[in-house]
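Worksheet: one structure, shown below.
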Amino acid sequence: METLSTPLPKKEIIVLQNIMEDFACATDLGAVIVDIRGKESSSLYNFSPFCQAMRNYPEYHKLCQKCDMYGGLEASKTGRPCIYRCHAGLTDVSLPIVFNDQLHGFLLMGQLELDPKYANELPKIQEIDSNWKAYKDLRTARKSVLTLSPEKIKSAARLLEKICSHHSQETHPRDRITFNFKQEKPKETQPTGKDEIQKATQYIQKNISKTITLEEVANHVYLSQYYFSKLFKKETGINFITYLNQQRIERAKILLQQSDLSIETISHNVGFSQASYFCKTFKQFTNTTPATYRKEHLI
């Protein structure tokens with residue numbers, strides 16, 4: 001799966017917007033669709049007065065977008081909803097949007113106050129604690145935020161996951177929530193192996209932060225290593241290792257541009273066991289070092 005290079009079809013955008021709007025209306029939870037950088041790409045459905053006010057402050061709005069991006073990337077690693085607390089301490093849930101093996105963004109819902117006795121059960125998605133309490137309007141708006149227990153938050157996450165699962169055309173449980181919308185395919189008289197390669201690239205993207213071997217992926221699609229290797233190169237135009245490293249470097253570029261994570265942390269987050277090998281591979285694909293790339297592209 002690659003990073004966004006072609007837009008999501010308009011009909012799928014409309015479907016997602018309708019799902020999120022109806023979900024927000026039915027549950028009284030906030031919901032939004034964001035792109036891979038955490039920027040809003042839909043209306044702010046049922047946003048709490050607190051979150052609306054927070055985003056009126058440019059510095060807090062940027063922190064909100066960072067949390068949305070981090071939460072989405074965490075969800076895309078596992079293929080499961082990611083439940084986390086934002087920089088202001090509210091609880092959110094994220095799911096990835098994948099179409100034609102490309103990560104297009106994330107579905108987010110929540111904006112919930114966690115019952116204080118469960119405060120340590122959910123991690124913060126980033127260490128920054130914003131000083132929002134210094135503003136009277138934010139302190140006042142915070143009082144209106146809905147408070148739920150972890151069990152109810154998890155139930156809401158499962159509900160959104162099931163809605164997504166129902167909409168998705170995939171049938172295998174591991175593909176339920178990634179929105180792998182299928183386009184109509186021309187009729188074929190002989191199998192081409194495209195389905196196996198599509199499943200392989202989906203598996204790679206979901207496990208991009210882990211150690212992945214050709215044998216492991218070949219077993220996942222029930223092919224021999226030799227045949228899978230040949231088929232993979234035929235369908236993608238490059239060999240397995242090159243493709244895997246390419247996807248890891250693309251993910252690293254996003255983190256270098258949009259986060260203040262250390263290069264060593266980023267290298268581990270995209271599946272490299274050693275930062276030195278990550279830096280070497282990064283330079284092979286970009287002709288520059290991660291540090292230089294961040295300096296030139298940091299948003």
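Every chain in the structure tokens takes a letter, A first, then B, and so on in the order presented; its residues are numbered from 1, and the ligands are numbered from 1 following the presented order.
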*Could you give me, as a list in words, the residues within 6 Å of A:Gly105, counting only C-alpha atoms and dropping anything in the same chain fewer than 2 positions from it?*
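Residues meeting the cut-off are Val34, Asp35, Ile36, Ile97 and Leu103 of chain A.
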*Residues near A:Leu261, cut-off 12 Å, only C-alpha atoms, skip fewer than 3 positions along chain, as a PyMOL selection string*: chain A and resi 66+70+125-128+252-258+264-269+290-291+294+298
_I'd like to know which of A:Ser262, A:Gln52, A:Ser144, A:Thr286 is closest to A:Asn245, using only C-alpha atoms._
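Ranked by minimum distance to A:Asn245, first place goes to A:Thr286.
Within stretch 11-50 of chain A, residues classed as strand (DSSP E or B) by DSSP on backbone coordinates are Gly30, Ala31, Val32, Ile33, Val34, Glu40 and Tyr45 of chain A.
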*Skip A:Ser229 itself and residues of its chain fewer than 2 positions away, then list as a PyMOL selection string all residues within 8 Å of it, counting only C-alpha atoms.*
chain A and resi 214+225-227+231-233+239-240
Based on the selection just made, write N, CA and C atoms of those residues as a short mmCIF file (atom, residue, chain, number, x, y, z; two decimals), in the first residue's frame.
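Output file out-v1.cif is given in full below:
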```cif
data_model
loop_
_atom_site.label_atom_id
_atom_site.label_comp_id
_atom_site.auth_asym_id
_atom_site.auth_seq_id
_atom_site.Cartn_x
_atom_site.Cartn_y
_atom_site.Cartn_z
N LEU A 214 9.56 -12.36 3.44
CA LEU A 214 8.91 -12.85 2.24
C LEU A 214 8.17 -14.15 2.53
N GLN A 225 7.16 -19.55 -1.62
CA GLN A 225 8.03 -18.37 -1.65
C GLN A 225 8.50 -18.07 -3.07
N TYR A 226 8.88 -19.11 -3.81
CA TYR A 226 9.41 -18.91 -5.15
C TYR A 226 8.36 -18.31 -6.07
N TYR A 227 7.16 -18.91 -6.05
CA TYR A 227 6.11 -18.41 -6.94
C TYR A 227 5.65 -17.02 -6.52
N LEU A 231 5.63 -13.69 -8.79
CA LEU A 231 4.35 -13.04 -9.02
C LEU A 231 4.35 -11.60 -8.51
N PHE A 232 4.97 -11.39 -7.37
CA PHE A 232 5.01 -10.06 -6.78
C PHE A 232 5.72 -9.08 -7.71
N LYS A 233 6.88 -9.50 -8.24
CA LYS A 233 7.63 -8.62 -9.14
C LYS A 233 6.87 -8.38 -10.44
N ASN A 239 10.90 -5.91 -6.77
CA ASN A 239 10.94 -7.09 -5.91
C ASN A 239 10.36 -6.80 -4.53
N PHE A 240 10.17 -7.84 -3.77
CA PHE A 240 9.48 -7.74 -2.48
C PHE A 240 10.20 -6.80 -1.51
#
```
_From A:Ala134, A:Cys164, A:Leu90, A:Ala53, residue lying nearest A:Asp115 [only C-alpha atoms]_ = A:Leu90
*Find, counting only C-alpha atoms, the residue in A:Leu160, A:Leu95, A:Arg139, A:Asn207 that gets nearest to A:Ala24.*
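Of all the options, A:Leu160 lies closest to A:Ala24.
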*Tell me which of A:Val270, A:Ala88, A:Ala31, A:Ile14 sits closest to A:Leu138, counting only C-alpha atoms.*
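Result for the nearest residue to A:Leu138: A:Ala88.
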_Contact residues around A:Gly89 with only C-alpha atoms at 9 Å, ignoring same-chain residues under 2 positions, as a PyMOL selection string_ = chain A and resi 85-87+91+112-114+124+129
*List every residue of stretch 10-185 of chain A that DSSP, applied to the backbone of this structure, places in helix (DSSP H, G or I), and write the result as a PyMOL selection string.*
chain A and resi 10-27+49-54+58-78+116-118+132-134+136-142+150-167+173-175
*What gap, in Å, lies between atom CA of A:Pro116 and atom CA of A:Pro150?*
10.5 Å
*Hey, what's within 10 Å of A:Lys283 if we count only C-alpha atoms and toss same-chain stuff fewer than 6 positions away? As a ChimeraX atom specification, please?*
/A:249,277,289-290,293
